[in-house]
>>> print(open('model20.txt').read())   # compact mmCIF, C-alpha atoms
# COMPACT_ATOMS: atom_id res chain seq x y z
CA MET A 1 17.39 -7.72 -26.14
CA ASP A 2 15.36 -9.52 -28.79
CA TRP A 3 13.21 -6.82 -30.37
CA SER A 4 11.36 -9.15 -32.73
CA PHE A 5 10.18 -11.18 -29.71
CA ILE A 6 8.96 -7.94 -28.17
CA GLY A 7 7.21 -6.91 -31.39
CA VAL A 8 5.38 -10.24 -31.68
CA HIS A 9 4.09 -10.09 -28.11
CA VAL A 10 2.99 -6.47 -27.90
CA PRO A 11 -0.66 -7.45 -28.58
CA ASP A 12 -0.56 -9.86 -25.61
CA TYR A 13 0.53 -7.04 -23.37
CA ILE A 14 -2.10 -4.69 -24.75
CA GLY A 15 -4.70 -7.31 -23.85
CA GLY A 16 -3.23 -7.65 -20.38
CA ALA A 17 -3.05 -3.89 -19.91
CA TRP A 18 -6.70 -3.64 -20.87
CA VAL A 19 -7.68 -6.18 -18.18
CA THR A 20 -5.51 -4.42 -15.59
CA LEU A 21 -6.89 -1.01 -16.49
CA ARG A 22 -10.54 -2.05 -16.76
CA PHE A 23 -10.72 -3.91 -13.47
CA GLY A 24 -8.47 -1.35 -11.81
CA LEU A 25 -10.88 1.41 -12.80
CA TYR A 26 -13.97 -0.59 -11.75
CA GLY A 27 -12.29 -1.08 -8.40
CA VAL A 28 -11.29 2.59 -8.13
CA ALA A 29 -14.82 3.78 -8.98
CA CYS A 30 -16.48 1.41 -6.49
CA SER A 31 -13.89 2.28 -3.83
CA MET A 32 -14.61 5.97 -4.24
CA VAL A 33 -18.34 5.46 -3.76
CA LEU A 34 -17.84 3.12 -0.79
CA GLY A 35 -15.20 5.41 0.67
CA LEU A 36 -17.40 8.48 0.39
CA LEU A 37 -20.35 6.68 2.01
CA CYS A 38 -18.14 5.42 4.86
CA CYS A 39 -16.65 8.85 5.33
CA LEU A 40 -20.08 10.52 5.46
CA ALA A 41 -21.33 7.93 7.97
CA GLN A 42 -18.44 8.86 10.22
CA TYR A 43 -18.59 12.60 9.58
CA PHE A 44 -22.28 12.84 10.45
CA ARG A 45 -21.83 10.37 13.33
CA VAL A 46 -24.60 8.03 12.20
CA PRO A 47 -25.21 5.77 15.21
CA VAL A 48 -24.25 2.06 14.89
CA LEU A 49 -23.30 2.45 11.22
CA ARG A 50 -20.35 4.57 12.22
CA ARG A 51 -19.04 1.78 14.47
CA ILE A 52 -19.41 -0.78 11.70
CA VAL A 53 -17.60 1.52 9.28
CA GLY A 54 -14.82 2.07 11.81
CA ALA A 55 -14.33 -1.68 12.25
CA TYR A 56 -14.44 -2.27 8.48
CA ILE A 57 -11.75 0.36 7.86
CA GLU A 58 -9.44 -1.22 10.44
CA VAL A 59 -9.90 -4.73 9.03
CA ALA A 60 -9.44 -3.68 5.40
CA ARG A 61 -6.38 -1.55 6.08
CA ASN A 62 -4.61 -4.13 8.20
CA THR A 63 -4.79 -7.20 5.98
CA PRO A 64 -3.02 -7.89 2.66
CA LEU A 65 -5.07 -7.88 -0.54
CA LEU A 66 -3.49 -11.18 -1.53
CA VAL A 67 -4.96 -12.86 1.56
CA GLN A 68 -8.31 -11.17 0.98
CA LEU A 69 -8.38 -12.49 -2.59
CA PHE A 70 -7.53 -16.06 -1.57
CA PHE A 71 -10.26 -15.93 1.07
CA LEU A 72 -12.81 -14.62 -1.45
CA TYR A 73 -11.87 -16.88 -4.33
CA GLN A 74 -10.94 -20.16 -2.63
CA GLY A 75 -12.27 -19.88 0.91
CA LEU A 76 -15.83 -18.63 0.50
CA PRO A 77 -16.94 -21.15 -2.17
CA ARG A 78 -16.41 -23.90 0.43
CA VAL A 79 -19.23 -22.48 2.50
CA GLY A 80 -21.45 -21.96 -0.51
CA ILE A 81 -20.65 -18.36 -1.46
CA ARG A 82 -19.39 -18.32 -5.03
CA PHE A 83 -18.20 -15.39 -7.11
CA SER A 84 -16.62 -15.36 -10.55
CA ALA A 85 -12.95 -14.39 -10.76
CA GLN A 86 -13.90 -10.99 -12.16
CA ALA A 87 -16.37 -10.36 -9.35
CA CYS A 88 -13.73 -11.39 -6.78
CA ALA A 89 -11.29 -8.93 -8.35
CA VAL A 90 -13.69 -6.00 -8.08
CA ILE A 91 -14.98 -6.98 -4.63
CA GLY A 92 -11.45 -7.46 -3.29
CA LEU A 93 -10.15 -4.20 -4.69
CA THR A 94 -13.23 -2.32 -3.46
CA PHE A 95 -12.96 -3.86 0.01
CA LEU A 96 -9.37 -2.69 0.27
CA GLY A 97 -9.76 0.60 -1.59
CA GLY A 98 -12.94 1.74 0.16
CA ALA A 99 -11.08 1.98 3.45
CA TYR A 100 -8.20 3.94 1.94
CA MET A 101 -10.57 6.29 0.08
CA ALA A 102 -12.63 6.86 3.25
CA GLU A 103 -9.48 7.93 5.08
CA ALA A 104 -8.55 10.30 2.23
CA PHE A 105 -12.00 11.92 2.22
CA ARG A 106 -11.96 12.13 6.00
CA SER A 107 -8.63 13.91 6.09
CA GLY A 108 -10.03 16.38 3.55
CA LEU A 109 -13.15 17.09 5.58
CA GLU A 110 -11.22 17.43 8.81
CA ALA A 111 -8.91 19.98 7.22
CA VAL A 112 -11.83 22.39 6.76
CA ASP A 113 -11.95 24.62 9.80
CA ARG A 114 -15.19 24.91 11.80
CA SER A 115 -15.02 28.67 11.36
CA GLN A 116 -15.70 28.12 7.66
CA THR A 117 -19.06 26.49 8.39
CA GLU A 118 -19.91 29.18 10.90
CA ALA A 119 -18.97 31.95 8.46
CA GLY A 120 -21.17 30.29 5.85
CA GLN A 121 -24.09 30.25 8.29
CA CYS A 122 -23.48 33.90 9.12
CA ILE A 123 -23.93 35.01 5.54
CA GLY A 124 -27.17 33.03 5.42
CA LEU A 125 -26.25 29.88 3.49
CA THR A 126 -28.51 26.88 4.03
CA ALA A 127 -26.91 23.65 5.25
CA ALA A 128 -26.93 22.24 1.71
CA GLN A 129 -25.41 25.40 0.25
CA ASN A 130 -22.78 25.38 2.94
CA ILE A 131 -21.74 21.84 2.04
CA ARG A 132 -21.89 22.53 -1.70
CA PHE A 133 -20.09 25.87 -1.82
CA VAL A 134 -17.96 26.05 1.33
CA ILE A 135 -17.04 22.66 2.72
CA LEU A 136 -16.79 20.34 -0.30
CA PRO A 137 -14.57 22.53 -2.51
CA GLN A 138 -12.04 22.96 0.25
CA ALA A 139 -12.25 19.35 1.46
CA LEU A 140 -11.79 17.99 -2.06
CA ALA A 141 -8.83 20.25 -2.76
CA THR A 142 -7.12 18.92 0.36
CA ALA A 143 -8.08 15.32 -0.40
CA VAL A 144 -7.04 15.27 -4.07
CA PRO A 145 -3.37 14.34 -3.59
CA ALA A 146 -4.35 11.46 -1.28
CA LEU A 147 -7.12 10.33 -3.65
CA PHE A 148 -4.75 10.13 -6.60
CA ALA A 149 -2.13 8.38 -4.51
CA ASN A 150 -4.84 5.82 -3.71
CA ILE A 151 -5.79 5.44 -7.37
CA ILE A 152 -2.18 4.68 -8.33
CA PHE A 153 -1.90 2.33 -5.33
CA LEU A 154 -5.06 0.44 -6.34
CA ILE A 155 -4.02 0.07 -10.00
CA LYS A 156 -0.70 -1.34 -8.79
CA GLU A 157 -2.50 -3.74 -6.48
CA THR A 158 -4.29 -5.27 -9.49
CA SER A 159 -1.02 -7.11 -10.16
CA MET A 160 -2.34 -9.69 -7.68
CA PHE A 161 -5.30 -10.57 -9.89
CA SER A 162 -3.14 -13.26 -11.48
CA VAL A 163 -3.99 -15.48 -8.49
CA LEU A 164 -7.60 -15.31 -9.70
CA ALA A 165 -6.40 -16.72 -13.04
CA MET A 166 -7.22 -13.44 -14.76
CA MET A 167 -5.05 -12.53 -17.74
CA ASP A 168 -3.85 -9.19 -16.44
CA LEU A 169 -0.41 -7.73 -17.23
CA MET A 170 1.28 -9.76 -14.52
CA ASN A 171 -0.25 -13.04 -15.66
CA VAL A 172 0.50 -12.36 -19.34
CA ALA A 173 4.14 -11.76 -18.41
CA ASP A 174 4.26 -14.83 -16.19
CA THR A 175 2.79 -17.05 -18.89
CA LEU A 176 5.27 -15.79 -21.50
CA ARG A 177 8.14 -16.16 -19.06
CA THR A 178 7.41 -19.79 -18.22
CA SER A 179 6.76 -20.76 -21.84
CA GLY A 180 9.49 -18.88 -23.70
CA GLY A 181 12.35 -18.38 -21.30
CA ARG A 182 12.95 -14.85 -22.60
CA THR A 183 12.88 -13.48 -19.08
CA ILE A 184 14.58 -10.15 -19.72
CA GLU A 185 12.35 -9.16 -22.65
CA VAL A 186 9.24 -10.25 -20.77
CA LEU A 187 10.12 -8.21 -17.69
CA PHE A 188 11.18 -5.21 -19.76
CA MET A 189 7.78 -5.12 -21.44
CA LEU A 190 6.04 -5.57 -18.10
CA VAL A 191 7.80 -2.52 -16.66
CA ALA A 192 7.09 -0.50 -19.81
CA ALA A 193 3.40 -1.47 -19.73
CA TYR A 194 2.95 -0.36 -16.11
CA LEU A 195 4.71 2.91 -16.89
CA VAL A 196 2.40 3.53 -19.86
CA LEU A 197 -0.62 2.88 -17.63
CA LEU A 198 0.47 4.88 -14.60
CA LEU A 199 2.34 7.89 -16.00
CA PRO A 200 -0.84 9.50 -17.37
CA VAL A 201 -2.58 8.99 -14.02
CA SER A 202 0.30 10.69 -12.27
CA LEU A 203 0.19 13.54 -14.81
CA ILE A 204 -3.54 14.04 -14.27
CA ALA A 205 -2.88 14.07 -10.52
CA THR A 206 -0.36 16.88 -10.86
CA LEU A 207 -2.71 18.90 -13.07
CA ALA A 208 -5.67 18.36 -10.73
CA GLU A 209 -3.66 19.40 -7.71
CA ARG A 210 -2.59 22.59 -9.45
CA ARG A 211 -6.09 23.35 -10.63
CA LEU A 212 -7.70 22.86 -7.22
CA ARG A 213 -5.12 24.73 -5.22
CA TYR A 214 -7.25 27.91 -5.16
CA ALA A 215 -9.24 26.59 -2.24
CA GLY A 216 -6.20 26.74 -0.01
CA PHE A 217 -6.36 30.56 -0.08
CA GLY A 218 -2.72 30.62 -1.03
CA ASP A 219 -1.46 30.30 2.51
CA ARG A 220 -1.30 26.56 2.92
CA HIS A 221 0.79 26.07 -0.21
CA PRO A 222 3.55 28.63 -0.15
CA VAL A 223 5.25 27.13 -3.21
CA MET G 224 -9.34 -37.20 7.54
CA GLN G 225 -13.05 -36.48 7.57
CA ASP G 226 -12.86 -33.69 10.12
CA SER G 227 -14.83 -30.68 9.12
CA GLY G 228 -14.06 -27.08 9.56
CA ILE G 229 -12.03 -25.52 12.23
CA ALA G 230 -11.02 -28.81 13.92
CA ILE G 231 -8.35 -29.26 11.23
CA LEU G 232 -6.53 -26.22 12.53
CA PHE G 233 -5.81 -27.83 15.83
CA LYS G 234 -5.06 -31.23 14.43
CA GLY G 235 -1.44 -32.19 15.00
CA ILE G 236 0.88 -29.27 14.52
CA ASN G 237 -1.16 -27.51 11.85
CA PHE G 238 -1.52 -24.31 13.81
CA GLN G 239 2.16 -24.21 14.69
CA ARG G 240 2.95 -24.76 11.01
CA LEU G 241 0.84 -21.73 10.09
CA LEU G 242 2.55 -19.62 12.73
CA GLY G 243 5.90 -20.80 11.42
CA GLY G 244 4.85 -19.67 7.94
CA LEU G 245 3.77 -16.31 9.30
CA TRP G 246 7.16 -15.95 10.95
CA VAL G 247 8.88 -16.38 7.58
CA THR G 248 7.10 -13.31 6.19
CA LEU G 249 7.52 -11.38 9.44
CA ARG G 250 11.25 -12.11 9.45
CA ILE G 251 11.55 -10.76 5.91
CA ALA G 252 9.54 -7.70 6.93
CA LEU G 253 11.54 -7.04 10.10
CA ILE G 254 14.92 -7.28 8.37
CA SER G 255 13.66 -5.05 5.54
CA ILE G 256 12.26 -2.47 7.98
CA GLY G 257 15.52 -2.38 9.91
CA LEU G 258 17.60 -1.93 6.76
CA SER G 259 15.10 0.63 5.44
CA CYS G 260 15.51 2.78 8.54
CA VAL G 261 19.30 2.90 8.18
CA LEU G 262 19.33 3.36 4.39
CA GLY G 263 16.33 5.69 4.60
CA LEU G 264 18.28 8.08 6.79
CA LEU G 265 21.06 8.20 4.18
CA PHE G 266 18.48 8.51 1.42
CA GLY G 267 16.74 11.40 3.20
CA LEU G 268 19.99 13.27 3.70
CA LEU G 269 20.95 12.62 0.08
CA MET G 270 17.62 14.10 -1.06
CA LEU G 271 18.48 17.31 0.76
CA SER G 272 21.90 17.46 -0.82
CA ARG G 273 22.50 20.48 -3.02
CA ARG G 274 24.13 18.33 -5.70
CA LYS G 275 21.84 18.04 -8.69
CA ILE G 276 23.03 14.52 -9.50
CA ALA G 277 22.10 13.29 -5.99
CA GLN G 278 18.64 14.83 -6.28
CA VAL G 279 18.00 13.26 -9.69
CA PHE G 280 19.27 9.90 -8.44
CA CYS G 281 16.87 9.98 -5.47
CA ARG G 282 13.96 11.22 -7.57
CA VAL G 283 14.36 8.38 -10.09
CA TRP G 284 14.67 5.80 -7.31
CA LEU G 285 11.56 7.12 -5.57
CA GLU G 286 9.54 7.23 -8.80
CA ILE G 287 10.51 3.63 -9.62
CA VAL G 288 9.15 2.34 -6.32
CA ARG G 289 6.06 4.54 -6.61
CA PHE G 290 5.21 3.37 -10.12
CA MET G 291 6.15 -0.30 -10.13
CA PRO G 292 3.94 -2.79 -8.34
CA GLN G 293 6.00 -4.58 -5.68
CA LEU G 294 5.18 -7.85 -7.39
CA VAL G 295 6.89 -6.61 -10.57
CA LEU G 296 9.98 -5.65 -8.57
CA LEU G 297 9.99 -9.09 -6.94
CA TYR G 298 9.82 -10.74 -10.37
CA ILE G 299 12.66 -8.58 -11.69
CA VAL G 300 14.92 -9.52 -8.78
CA TYR G 301 13.91 -13.17 -8.46
CA PHE G 302 13.64 -14.14 -12.13
CA GLY G 303 15.41 -11.28 -13.88
CA PHE G 304 18.63 -10.91 -11.91
CA ALA G 305 19.55 -14.54 -12.60
CA ARG G 306 19.40 -13.81 -16.34
CA MET G 307 20.87 -10.33 -16.24
CA PHE G 308 23.75 -10.76 -13.80
CA GLY G 309 23.77 -14.47 -13.14
CA TRP G 310 22.71 -13.95 -9.51
CA ASP G 311 20.59 -16.87 -8.48
CA LEU G 312 18.90 -15.40 -5.42
CA ASP G 313 16.46 -17.39 -3.29
CA GLY G 314 13.00 -16.01 -2.63
CA GLU G 315 13.71 -14.72 0.85
CA THR G 316 16.79 -12.77 -0.20
CA SER G 317 14.95 -11.35 -3.20
CA GLY G 318 12.13 -10.28 -0.89
CA ILE G 319 14.49 -8.54 1.52
CA LEU G 320 16.23 -6.77 -1.39
CA VAL G 321 12.99 -5.52 -2.91
CA PHE G 322 11.34 -4.45 0.35
CA THR G 323 14.52 -2.66 1.42
CA PHE G 324 14.79 -0.95 -1.98
CA TRP G 325 11.19 0.18 -1.59
CA GLY G 326 11.28 0.91 2.14
CA ALA G 327 14.50 2.92 2.02
CA ALA G 328 13.10 5.28 -0.61
CA GLU G 329 9.77 5.77 1.19
CA MET G 330 11.45 6.10 4.58
CA GLY G 331 13.93 8.56 3.08
CA ASP G 332 11.09 10.66 1.75
CA LEU G 333 9.43 10.68 5.18
CA ILE G 334 12.72 11.65 6.83
CA ARG G 335 13.21 14.42 4.29
CA GLY G 336 9.68 15.65 5.02
CA ALA G 337 10.33 15.60 8.77
CA LEU G 338 13.64 17.41 8.41
CA THR G 339 12.22 20.19 6.24
CA SER G 340 9.02 20.55 8.29
CA ILE G 341 10.71 22.45 11.09
CA PRO G 342 10.70 26.20 10.45
CA LEU G 343 14.00 28.01 10.45
CA HIS G 344 12.92 30.25 13.31
CA GLN G 345 13.13 27.25 15.65
CA THR G 346 16.87 27.04 15.06
CA GLU G 347 17.24 30.81 15.22
CA SER G 348 15.28 31.14 18.46
CA ALA G 349 17.27 28.32 20.02
CA ALA G 350 20.51 30.03 19.01
CA ALA G 351 19.19 33.34 20.35
CA ILE G 352 18.65 31.92 23.84
CA GLY G 353 22.24 30.70 23.76
CA LEU G 354 21.95 26.95 23.03
CA THR G 355 24.96 25.33 21.44
CA GLN G 356 24.70 23.53 18.09
CA TRP G 357 24.50 20.15 19.85
CA GLN G 358 21.86 21.39 22.29
CA ILE G 359 19.79 22.78 19.43
CA TYR G 360 19.71 19.32 17.82
CA ARG G 361 19.24 17.44 21.07
CA HIS G 362 16.49 19.56 22.62
CA VAL G 363 14.81 21.41 19.76
CA LEU G 364 15.13 19.82 16.33
CA ILE G 365 15.33 16.06 16.89
CA PRO G 366 12.34 15.84 19.29
CA GLN G 367 10.14 17.73 16.83
CA MET G 368 11.34 15.66 13.91
CA LEU G 369 10.70 12.39 15.72
CA ARG G 370 7.17 13.40 16.63
CA ARG G 371 6.37 13.97 13.02
CA LEU G 372 8.30 11.02 11.70
CA LEU G 373 7.44 8.21 14.08
CA PRO G 374 3.72 7.72 13.32
CA GLN G 375 4.41 7.80 9.56
CA ALA G 376 7.35 5.42 9.87
CA ILE G 377 5.21 2.98 11.85
CA ASN G 378 2.49 3.16 9.18
CA LEU G 379 5.06 2.40 6.52
CA SER G 380 6.15 -0.61 8.57
CA THR G 381 2.63 -2.08 8.56
CA ARG G 382 2.51 -1.55 4.80
CA ILE G 383 5.77 -3.46 4.44
CA ILE G 384 4.47 -6.29 6.66
CA LYS G 385 1.28 -6.57 4.59
CA THR G 386 3.18 -6.51 1.33
CA THR G 387 5.52 -9.32 2.36
CA ALA G 388 2.56 -11.65 1.76
CA LEU G 389 3.62 -11.33 -1.89
CA VAL G 390 6.72 -13.47 -1.40
CA LYS G 391 4.36 -16.40 -1.86
CA MET G 392 4.45 -15.53 -5.57
CA ILE G 393 8.22 -16.09 -5.74
CA ASN G 394 8.11 -19.54 -4.20
CA VAL G 395 8.79 -18.75 -0.56
CA ILE G 396 7.08 -21.23 1.74
CA GLU G 397 5.22 -18.71 3.89
CA VAL G 398 1.88 -18.70 5.67
CA LEU G 399 -0.34 -18.82 2.54
CA LYS G 400 1.70 -21.63 1.04
CA VAL G 401 1.65 -23.59 4.30
CA GLY G 402 -2.11 -23.01 4.41
CA GLN G 403 -2.46 -24.45 0.93
CA GLN G 404 -0.38 -27.47 1.91
CA ILE G 405 -2.70 -28.10 4.86
CA ILE G 406 -5.76 -27.65 2.64
CA GLY G 407 -4.29 -30.12 0.15
CA GLN G 408 -3.65 -32.62 2.90
CA PHE G 409 -7.21 -32.39 4.22
CA TYR G 410 -8.88 -32.14 0.84
CA ARG G 411 -11.74 -34.37 2.00
CA SER G 412 -12.95 -31.80 4.46
CA PRO G 413 -15.33 -29.52 2.58
CA ASP G 414 -14.72 -26.27 4.39
CA ALA G 415 -11.03 -26.57 5.30
CA ALA G 416 -10.08 -23.87 2.77
CA PHE G 417 -12.57 -21.45 4.28
CA TRP G 418 -11.22 -21.79 7.80
CA ILE G 419 -7.55 -21.85 6.87
CA TYR G 420 -7.80 -18.68 4.76
CA PHE G 421 -9.96 -17.06 7.43
CA VAL G 422 -7.35 -17.79 10.10
CA ILE G 423 -4.53 -16.43 7.90
CA PHE G 424 -6.61 -13.30 7.37
CA LEU G 425 -7.07 -13.02 11.13
CA LEU G 426 -3.37 -13.62 11.84
CA TYR G 427 -2.33 -10.76 9.57
CA PHE G 428 -4.91 -8.52 11.19
CA LEU G 429 -3.68 -9.42 14.68
CA VAL G 430 -0.13 -8.53 13.67
CA CYS G 431 -0.84 -5.27 11.84
CA TRP G 432 -3.74 -3.82 13.82
CA PRO G 433 -1.91 -3.20 17.13
CA ILE G 434 0.92 -1.51 15.21
CA SER G 435 -1.55 0.73 13.35
CA MET G 436 -3.26 1.57 16.64
CA LEU G 437 0.09 2.57 18.11
CA ALA G 438 0.74 4.90 15.17
CA LYS G 439 -2.72 6.41 15.55
CA ARG G 440 -2.24 7.01 19.28
CA LEU G 441 1.16 8.60 18.82
CA GLU G 442 -0.28 10.83 16.11
CA LYS G 443 -3.11 11.97 18.38
CA LYS G 444 -0.81 12.49 21.33
CA TRP G 445 1.70 14.59 19.40
CA ALA G 446 -0.63 16.39 17.03
>>> encode(input="model20.txt", output="structure tokens")
Amino acid sequence: MDWSFIGVHVPDYIGGAWVTLRFGLYGVACSMVLGLLCCLAQYFRVPVLRRIVGAYIEVARNTPLLVQLFFLYQGLPRVGIRFSAQACAVIGLTFLGGAYMAEAFRSGLEAVDRSQTEAGQCIGLTAAQNIRFVILPQALATAVPALFANIIFLIKETSMFSVLAMMDLMNVADTLRTSGGRTIEVLFMLVAAYLVLLLPVSLIATLAERRLRYAGFGDRHPV
Amino acid sequence: MQDSGIAILFKGINFQRLLGGLWVTLRIALISIGLSCVLGLLFGLLMLSRRKIAQVFCRVWLEIVRFMPQLVLLYIVYFGFARMFGWDLDGETSGILVFTFWGAAEMGDLIRGALTSIPLHQTESAAAIGLTQWQIYRHVLIPQMLRRLLPQAINLSTRIIKTTALVKMINVIEVLKVGQQIIGQFYRSPDAAFWIYFVIFLLYFLVCWPISMLAKRLEKKWA
């Protein structure tokens, strides 16, 4: 292992990590919004929209991001629809992530028993209060593990942004590998960089799960 | 060579070439899924072992596949192993290795979950009504485990199929690469790229969607 090579190229990796993190987080944020909207459209059975959302979720979940990115970046411009590489990255990640987030929110909402809503009505809560104080806290607590799993999944998926010629971690590593031939050092740093990015997310996930467990009334999580 | 749009697809053997490319990724996926099922069973049993060392080993393995993007793992095996151990693996073999490494851990975790999901009283009740050890497994435990496991295992399989698209990045001539060759050949046609990528998108959907639907139906039926 050539440590001086590693020392010289740390700044390159920091730059790459920044691109990965920034566009990963844009994608995660947009996915959450899209996912929540899709989930609500299905939960409240909005006519027509709910069918469209259903079809979208199936398409997004059953195609690879790599193919989606090629279609966005190289296919669409041929019929006159042009996006920058950065826009393609966020659109692609949101298209994929929105479907996964919608499923996570849905599983959370479905886990809240009907009797909870009815009990809320019985003690005189308005519909809005019921959602705010009864349904959402419990739904979110159930959805949190799946949401964080999706966040980690989406940040990992950003490794495909190199096909958009973006200088993310993967592309930085690939460029160094082809130019220098120090394959082992390059890959070692790549692994380390992803660990540095993803370990904190995983830690936050564990903390959030612990913090939100109260809504399970103790019985669903015996541990 | 001036054909526009979708006509190119049906020119000569272009469509067959695309299907041939798709088969390359599907073959990698199928072999990996098969190996993952066998190794996953071992992995799941190992996770339940009382030996600390076995538990730590499994935990580390599982965390590696959860934290590292599959593309990074592919790079490590395809480019790294040649440097580290002198193994010059071709892209397809590298793909099978990585997807089996990943699939076995995930499958093992699912199998562990299915095995531990059945309450002890099921075994005790079965013993109380006089079933033998073999009968308890055959009629009580295994059917319940399979019902829980099968939909999740099928979902994992679609994830593996989608992810095999990544072998394009380690120089395997698969459906995306074949598509790009066709696009290069018909570069005069303005919208060839659009249609080719669209068809690849559709092909992946047509492969993965029925499998996802099957998982969904089994889940509903056995819930």
>>> closest_atom_pairs(input="model20.txt", of="chain A", to="chain G", cutoff="10 Å", atoms="all atoms listed in the file", output="tab-separated table")
residue	atom	partner	partner_atom	distance
A:Glu58	CA	G:Trp432	CA	7.1
A:Val59	CA	G:Phe428	CA	6.6
A:Ala60	CA	G:Phe428	CA	8.8
A:Arg61	CA	G:Trp432	CA	8.5
A:Asn62	CA	G:Phe428	CA	5.3
A:Thr63	CA	G:Phe428	CA	5.4
A:Pro64	CA	G:Lys385	CA	4.9
A:Leu65	CA	G:Lys385	CA	8.3
A:Leu66	CA	G:Ala388	CA	6.9
A:Val67	CA	G:Phe424	CA	6.1
A:Gln68	CA	G:Phe424	CA	6.9
A:Leu69	CA	G:Tyr420	CA	9.6
A:Phe70	CA	G:Tyr420	CA	6.9
A:Phe71	CA	G:Tyr420	CA	5.2
A:Leu72	CA	G:Phe417	CA	8.9
A:Tyr73	CA	G:Phe417	CA	9.8
A:Gln74	CA	G:Ala416	CA	6.6
A:Gly75	CA	G:Phe417	CA	3.7
A:Leu76	CA	G:Phe417	CA	5.7
A:Pro77	CA	G:Phe417	CA	7.8
A:Arg78	CA	G:Asp414	CA	4.9
A:Val79	CA	G:Asp414	CA	6.2
A:Gly80	CA	G:Asp414	CA	9.4
A:Ala149	CA	G:Arg289	CA	9.3
A:Ile152	CA	G:Phe290	CA	7.7
A:Phe153	CA	G:Pro292	CA	8.3
A:Leu154	CA	G:Pro292	CA	9.8
A:Ile155	CA	G:Pro292	CA	8.6
A:Lys156	CA	G:Pro292	CA	4.9
A:Glu157	CA	G:Pro292	CA	6.8
A:Thr158	CA	G:Pro292	CA	8.7
A:Ser159	CA	G:Pro292	CA	6.8
A:Met160	CA	G:Leu294	CA	7.7
A:Ser162	CA	G:Met392	CA	9.9
A:Val163	CA	G:Met392	CA	8.9
A:Leu169	CA	G:Val295	CA	9.9
A:Met170	CA	G:Val295	CA	7.5
A:Ala173	CA	G:Val295	CA	9.8
A:Asp174	CA	G:Tyr298	CA	9.0
A:Arg177	CA	G:Phe302	CA	9.1
A:Gly181	CA	G:Arg306	CA	9.8
A:Arg182	CA	G:Arg306	CA	9.0
A:Thr183	CA	G:Gly303	CA	6.2
A:Ile184	CA	G:Gly303	CA	6.0
A:Glu185	CA	G:Gly303	CA	9.5
A:Val186	CA	G:Gly303	CA	9.3
A:Leu187	CA	G:Ile299	CA	6.5
A:Phe188	CA	G:Ile299	CA	8.9
A:Leu190	CA	G:Val295	CA	7.6
A:Val191	CA	G:Met291	CA	7.1
A:Ala192	CA	G:Met291	CA	9.7
A:Tyr194	CA	G:Met291	CA	6.8
A:Leu195	CA	G:Phe290	CA	6.8
A:Leu197	CA	G:Phe290	CA	9.5
A:Leu198	CA	G:Phe290	CA	6.7
A:Leu199	CA	G:Phe290	CA	8.0
A:Ser202	CA	G:Phe290	CA	9.1
>>> closest_residue(input="model20.txt", among="G:Arg335, G:Lys234, G:Arg273, G:Arg370", to="G:Ala438", atoms="only C-alpha atoms")
G:Arg370
>>> closest_residue(input="model20.txt", among="A:Ile151, A:Ala111, A:Leu125, A:Met189", to="A:Thr94", atoms="only C-alpha atoms")
A:Ile151
>>> residues_around(input="model20.txt", residues="G:Leu268", least_positions_apart="5", cutoff="9 Å", atoms="all atoms listed in the file", output="ChimeraX atom specification")
/G:263,331,334-335,338
>>> write_last_selection(input="model20.txt", atoms="C-alpha atoms", output="tab-separated table (two decimals), in the frame of the given file")
chain	number	residue	atom	x	y	z
G	263	GLY	CA	16.33	5.69	4.60
G	331	GLY	CA	13.93	8.56	3.08
G	334	ILE	CA	12.72	11.65	6.83
G	335	ARG	CA	13.21	14.42	4.29
G	338	LEU	CA	13.64	17.41	8.41
>>> closest_residue(input="model20.txt", among="G:Val390, G:Leu372, G:Leu265, G:Ile276", to="G:Gly336", atoms="only C-alpha atoms")
G:Leu372
>>> atom_distance(input="model20.txt", atom1="atom CA of A:Arg210", atom2="atom CA of A:Ala139")
14.9 Å
>>> atom_distance(input="model20.txt", atom1="atom CA of G:Arg361", atom2="atom CA of G:Ala337")
15.3 Å
>>> residues_near_point(input="model20.txt", point="(-6.0, -30.3, 11.3)", cutoff="12 Å", atoms="all atoms listed in the file", output="NGL selection string")
:G and (224-241 or 402 or 404-412 or 414-416 or 418-419)
>>> residues_around(input="model20.txt", residues="G:Arg250", least_positions_apart="4", cutoff="12 Å", atoms="only C-alpha atoms", output="PyMOL selection string")
chain G and resi 242-246+254-257+315-316+318-319+322+383-384+387-388+390+397
>>> residues_around(input="model20.txt", residues="A:Leu140", least_positions_apart="5", cutoff="9 Å", atoms="all atoms listed in the file", output="list in words")
Phe105, Gly108, Leu109, Ile135, Leu212 and Ala215 of chain A
